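Input: a single structure, listed below in C-alpha cells.
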Amino acid sequence: DAGITQSPRHKVTETGTPVTLRCHQTENHRYMYWYRQDPGHGLRLIHYSYGVKDTDKGEVSDGYSVSRSKTEDFLLTLESATSSQTSVYFCAISGRGNNEQFFGPGTRLTVL
Amino acid sequence: GENVEQHPSTLSVQEGDSAVIKCTYSDSASNYFPWYKQELGKRPQLIIDIRSNVGEKKDQRIAVTLNKTAKHFSLHITETQPEDSAVYFCAALYYVTGNQFYFGTGTSLTVIP
C-alpha cells in the first residue's frame, strides 16, 4: 500500500496530555498530509507539508502542530489533547507529478 | 479556499443496476478531481481521477465525468456488484502554497444482492 505507515495505530489518552502521531513513507513523495475523519464530515485537512521544513495549515488546524525534518517523516502533535480531537487520523502522500494521493492505514485516537 | 459538496449521502441499488454520485466544487482554479472508495475500517483507496482538461474517463465499470462550466463532476458505476458496497468520497485539488485536497462528505453505497 504505497509504502506509507502510521504509528501508533490505536491510542487512548486523557484530556490535557500531549500526543504525537507519526507518518513514515518510503516513496520519496514531496507532499505529506494529515487528515482527520469524523462521521458526517468526510476527510478534513489538518496540516500539510510540501517539502522538508515546509508546512502549511489546512481547514481544521487549531490545536495541532506538525513537523517535517526529513522527507520520509511527518509528525502531528496535539499539544494538549481534548475530547473533540477524538477521531481517526489519516496520513497521505502525493507528488510524483501526477497528483495521485495515497493514504496510510490510519490511527484511531480516543481522548477521554 | 475550496468547498466540495457531495450527494447523495446514502444510496441503495439493486445488484446489476447503475449508481451515480455527484459532486460540486466552488473554485474554478481546482484542476484535479479524484474519487476514493473506503471500505469499513480501511483506508481510502483511489479508484479513478480526472483532470480539468478532460471531460470523461472510464475504467471498466466505473467512469467519471467533469463539467467545468457548471463546476460539477460525477462518478458512475455500472453493473453494480455487492463488493461495490462502500463509502465513496470525491475530492478537488486546489493550489495555495502547495497542493491541498478538499473532500466531499461521502456517499455510503449499498448494493443489494
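Ligands are numbered from 1 in the order shown, residues from 1 within each chain, and chains are lettered A, B, ... in the order they appear in the C-alpha cells.
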
At a cut-off of 12 Å, which residues of chain A touch chain B? Count only C-alpha atoms and give the answer as number ranges by chain.
A: 1-2, 4-6, 9, 30-51, 54-60, 88-95, 97-108

Please write the residues from the selection above to a file, keeping C-alpha atoms, as a CSV table (one decimal), in the first residue's frame.
```csv
chain,number,residue,atom,x,y,z
A,1,ASP,CA,0.0,0.0,0.0
A,2,ALA,CA,2.2,2.8,-1.4
A,4,ILE,CA,3.2,4.5,3.9
A,5,THR,CA,2.9,3.6,7.6
A,6,GLN,CA,1.4,5.3,10.7
A,9,ARG,CA,-2.4,2.6,15.1
A,30,ARG,CA,7.2,15.6,-1.9
A,31,TYR,CA,3.8,16.2,-0.3
A,32,MET,CA,2.6,14.7,3.0
A,33,TYR,CA,-0.8,15.4,4.6
A,34,TRP,CA,-2.6,14.9,7.9
A,35,TYR,CA,-6.4,14.5,7.8
A,36,ARG,CA,-9.0,13.7,10.4
A,37,GLN,CA,-12.1,11.7,9.6
A,38,ASP,CA,-15.3,12.1,11.6
A,39,PRO,CA,-18.8,10.8,10.8
A,40,GLY,CA,-20.7,13.3,8.6
A,41,HIS,CA,-17.6,15.4,7.8
A,42,GLY,CA,-15.6,13.2,5.5
A,43,LEU,CA,-11.9,13.9,5.4
A,44,ARG,CA,-10.7,17.3,6.6
A,45,LEU,CA,-7.2,18.6,6.1
A,46,ILE,CA,-5.3,19.5,9.3
A,47,HIS,CA,-1.9,20.4,8.0
A,48,TYR,CA,0.3,19.5,5.0
A,49,SER,CA,3.9,19.7,4.0
A,50,TYR,CA,5.3,20.5,0.6
A,51,GLY,CA,8.9,19.8,1.5
A,54,ASP,CA,7.8,23.5,4.6
A,55,THR,CA,4.4,23.2,6.1
A,56,ASP,CA,1.1,25.0,6.0
A,57,LYS,CA,-2.3,24.9,7.7
A,58,GLY,CA,-5.4,23.2,6.5
A,59,GLU,CA,-9.0,23.9,7.3
A,60,VAL,CA,-9.0,22.4,10.8
A,88,VAL,CA,-9.4,8.7,13.1
A,89,TYR,CA,-6.3,10.3,11.7
A,90,PHE,CA,-5.0,9.5,8.2
A,91,CYS,CA,-1.7,10.5,6.7
A,92,ALA,CA,-1.4,10.7,3.0
A,93,ILE,CA,1.4,11.3,0.4
A,94,SER,CA,1.4,12.7,-3.0
A,95,GLY,CA,3.7,14.3,-5.5
A,97,GLY,CA,4.0,14.6,-10.8
A,98,ASN,CA,0.5,13.1,-11.4
A,99,ASN,CA,-1.2,14.4,-8.2
A,100,GLU,CA,-2.3,10.9,-7.1
A,101,GLN,CA,-2.7,10.8,-3.3
A,102,PHE,CA,-2.2,7.6,-1.2
A,103,PHE,CA,-3.4,7.1,2.3
A,104,GLY,CA,-1.8,5.4,5.3
A,105,PRO,CA,-3.7,2.8,7.4
A,106,GLY,CA,-5.0,5.4,9.9
A,107,THR,CA,-4.6,6.0,13.6
A,108,ARG,CA,-7.7,5.7,15.9
```

Using only C-alpha atoms, which protein or nucleic acid residues come within 9 Å of Gly3 (chain A)? Drop anything in the same chain fewer than 4 positions from it, and give the result as a tab-separated table (two decimals) with all heavy atoms, in the first residue's frame.
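Result written to result_15.tsv:
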```tsv
chain	number	residue	atom	x	y	z
A	24	HIS	N	5.23	7.76	8.22
A	24	HIS	CA	6.50	7.42	7.58
A	24	HIS	C	6.25	6.90	6.17
A	24	HIS	O	5.42	6.03	5.98
A	24	HIS	CB	7.23	6.36	8.41
A	24	HIS	CG	8.54	5.94	7.83
A	24	HIS	ND1	9.68	6.70	7.93
A	24	HIS	CD2	8.89	4.84	7.12
A	24	HIS	CE1	10.67	6.08	7.33
A	24	HIS	NE2	10.22	4.96	6.82
A	25	GLN	N	7.01	7.43	5.21
A	25	GLN	CA	6.87	6.97	3.82
A	25	GLN	C	8.22	6.52	3.27
A	25	GLN	O	9.27	7.02	3.67
A	25	GLN	CB	6.32	8.11	2.94
A	25	GLN	CG	7.22	9.32	2.87
A	25	GLN	CD	7.14	10.06	1.54
A	25	GLN	OE1	6.88	9.46	0.49
A	25	GLN	NE2	7.38	11.35	1.57
A	26	THR	N	8.14	5.58	2.37
A	26	THR	CA	9.35	5.08	1.72
A	26	THR	C	9.33	5.38	0.22
A	26	THR	O	10.12	4.84	-0.54
A	26	THR	CB	9.49	3.56	1.93
A	26	THR	OG1	8.32	2.91	1.38
A	26	THR	CG2	9.64	3.21	3.40
A	27	GLU	N	8.42	6.27	-0.20
A	27	GLU	CA	8.19	6.55	-1.62
A	27	GLU	C	8.86	7.82	-2.11
A	27	GLU	O	8.79	8.14	-3.29
A	27	GLU	CB	6.68	6.64	-1.89
A	27	GLU	CG	5.91	5.40	-1.48
A	27	GLU	CD	6.30	4.20	-2.31
A	27	GLU	OE1	6.47	4.33	-3.53
A	27	GLU	OE2	6.47	3.11	-1.71
A	104	GLY	N	-2.30	6.38	4.32
A	104	GLY	CA	-1.81	5.41	5.28
A	104	GLY	C	-2.96	4.66	5.91
A	104	GLY	O	-4.13	4.94	5.62
```

Excluding Ser80 (chain A) and residues on its chain fewer than 6 positions from it, collect all residues at most 8 Å away from it, counting only C-alpha atoms, and give them as a PyMOL selection string.
chain A and resi 15-19+63

Could you name the residues that touch Ile62 (chain B) at 6 Å or less, counting only C-alpha atoms, but leaving out those on the same chain fewer than 4 positions away, as a ChimeraX atom specification?
/B:58,76-77

Show me, as number ranges by chain, the residues that have an atom within 10 Å of Ser74 (chain B) when counting only C-alpha atoms, minus same-chain residues fewer than 4 positions from it.
B: 6-7, 20-24, 33, 35, 56, 63-67, 90

Could those selected residues go to a file with N, CA and C atoms, as a short mmCIF file (atom, residue, chain, number, x, y, z; two decimals), in the first residue's frame?
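Result saved to part.cif:
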```cif
data_model
loop_
_atom_site.label_atom_id
_atom_site.label_comp_id
_atom_site.auth_asym_id
_atom_site.auth_seq_id
_atom_site.Cartn_x
_atom_site.Cartn_y
_atom_site.Cartn_z
N GLN B 6 -21.19 16.94 -1.86
CA GLN B 6 -21.39 15.61 -2.44
C GLN B 6 -22.79 15.11 -2.12
N HIS B 7 -23.44 14.52 -3.14
CA HIS B 7 -24.80 14.00 -2.99
C HIS B 7 -24.97 12.72 -3.82
N VAL B 20 -24.95 6.52 -9.41
CA VAL B 20 -24.35 7.79 -9.77
C VAL B 20 -24.20 8.65 -8.52
N ILE B 21 -23.02 9.18 -8.32
CA ILE B 21 -22.73 10.08 -7.20
C ILE B 21 -22.23 11.39 -7.77
N LYS B 22 -22.76 12.49 -7.24
CA LYS B 22 -22.45 13.80 -7.82
C LYS B 22 -21.74 14.70 -6.82
N CYS B 23 -20.82 15.49 -7.33
CA CYS B 23 -20.09 16.46 -6.51
C CYS B 23 -20.03 17.80 -7.23
N THR B 24 -20.06 18.87 -6.45
CA THR B 24 -19.83 20.20 -6.99
C THR B 24 -18.66 20.83 -6.25
N PHE B 33 -9.49 16.00 -9.94
CA PHE B 33 -10.65 15.54 -9.18
C PHE B 33 -10.58 14.02 -9.02
N TRP B 35 -11.51 10.30 -7.05
CA TRP B 35 -12.56 9.61 -6.31
C TRP B 35 -11.92 8.48 -5.51
N GLU B 56 -14.30 13.24 -19.69
CA GLU B 56 -14.78 11.95 -19.23
C GLU B 56 -13.62 10.97 -19.20
N ALA B 63 -16.74 5.20 -14.25
CA ALA B 63 -16.44 6.33 -15.13
C ALA B 63 -16.64 7.60 -14.32
N VAL B 64 -15.94 8.63 -14.73
CA VAL B 64 -16.10 9.94 -14.11
C VAL B 64 -16.30 10.96 -15.22
N THR B 65 -17.23 11.88 -15.01
CA THR B 65 -17.47 12.97 -15.95
C THR B 65 -17.23 14.29 -15.24
N LEU B 66 -16.78 15.28 -15.99
CA LEU B 66 -16.49 16.60 -15.44
C LEU B 66 -17.13 17.67 -16.31
N ASN B 67 -17.85 18.58 -15.68
CA ASN B 67 -18.41 19.74 -16.37
C ASN B 67 -17.79 20.98 -15.72
N CYS B 90 -15.51 12.09 -3.08
CA CYS B 90 -14.93 12.88 -4.15
C CYS B 90 -14.00 13.91 -3.52
#
```

DSSP says strand (DSSP E or B) for which residues of region 8-90 of chain B? Put them as a PyMOL selection string?
chain B and resi 10-14+19-25+32-38+45-51+56-59+62-67+72-77+86-90

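The neighbours of Ser18 (chain B) here are the residues that come within 9 Å of it, using only C-alpha atoms and leaving out any residue fewer than 4 positions away in the same chain; they are Val13, Gln14, His76, Ile77, Thr78, Glu79 and Thr80 of chain B.
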
Hey, can you spit out that residue selection with N, CA, C and O atoms as a PDB file, in the first residue's frame?
```pdb
ATOM      1  N   VAL B  13     -28.848   0.454  -4.240  1.00  0.00           N
ATOM      2  CA  VAL B  13     -29.204   0.000  -5.582  1.00  0.00           C
ATOM      3  C   VAL B  13     -29.260  -1.520  -5.585  1.00  0.00           C
ATOM      4  O   VAL B  13     -28.622  -2.184  -4.751  1.00  0.00           O
ATOM      5  N   GLN B  14     -30.011  -2.045  -6.544  1.00  0.00           N
ATOM      6  CA  GLN B  14     -30.056  -3.490  -6.732  1.00  0.00           C
ATOM      7  C   GLN B  14     -28.821  -3.917  -7.521  1.00  0.00           C
ATOM      8  O   GLN B  14     -28.334  -3.175  -8.400  1.00  0.00           O
ATOM      9  N   HIS B  76     -19.798   7.321 -11.964  1.00  0.00           N
ATOM     10  CA  HIS B  76     -20.798   6.394 -12.472  1.00  0.00           C
ATOM     11  C   HIS B  76     -20.253   4.975 -12.306  1.00  0.00           C
ATOM     12  O   HIS B  76     -19.158   4.681 -12.777  1.00  0.00           O
ATOM     13  N   ILE B  77     -21.047   4.139 -11.659  1.00  0.00           N
ATOM     14  CA  ILE B  77     -20.686   2.732 -11.538  1.00  0.00           C
ATOM     15  C   ILE B  77     -21.776   1.918 -12.226  1.00  0.00           C
ATOM     16  O   ILE B  77     -22.956   2.023 -11.868  1.00  0.00           O
ATOM     17  N   THR B  78     -21.398   1.151 -13.221  1.00  0.00           N
ATOM     18  CA  THR B  78     -22.372   0.316 -13.936  1.00  0.00           C
ATOM     19  C   THR B  78     -22.268  -1.130 -13.453  1.00  0.00           C
ATOM     20  O   THR B  78     -21.266  -1.540 -12.855  1.00  0.00           O
ATOM     21  N   GLU B  79     -23.342  -1.881 -13.706  1.00  0.00           N
ATOM     22  CA  GLU B  79     -23.389  -3.307 -13.349  1.00  0.00           C
ATOM     23  C   GLU B  79     -22.882  -3.540 -11.924  1.00  0.00           C
ATOM     24  O   GLU B  79     -21.974  -4.334 -11.694  1.00  0.00           O
ATOM     25  N   THR B  80     -23.489  -2.839 -10.997  1.00  0.00           N
ATOM     26  CA  THR B  80     -23.004  -2.884  -9.624  1.00  0.00           C
ATOM     27  C   THR B  80     -23.005  -4.299  -9.045  1.00  0.00           C
ATOM     28  O   THR B  80     -23.854  -5.129  -9.388  1.00  0.00           O
TER      29      THR B  80
END
```

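Counting only C-alpha atoms and comparing A:Phe74, A:Ser87, A:His29, A:Arg96, the residue that lies closest to Lys11 (chain A) is A:Ser87.
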
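If you measure from each of B:Ser52, B:Thr10, B:Thr110, B:Gln38 to Lys71 (chain B) using only C-alpha atoms, the closest one turns out to be B:Ser52.
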
Atom-to-atom span, CA of Arg22 (chain A) and CA of Leu40 (chain B), Å
22.7 Å
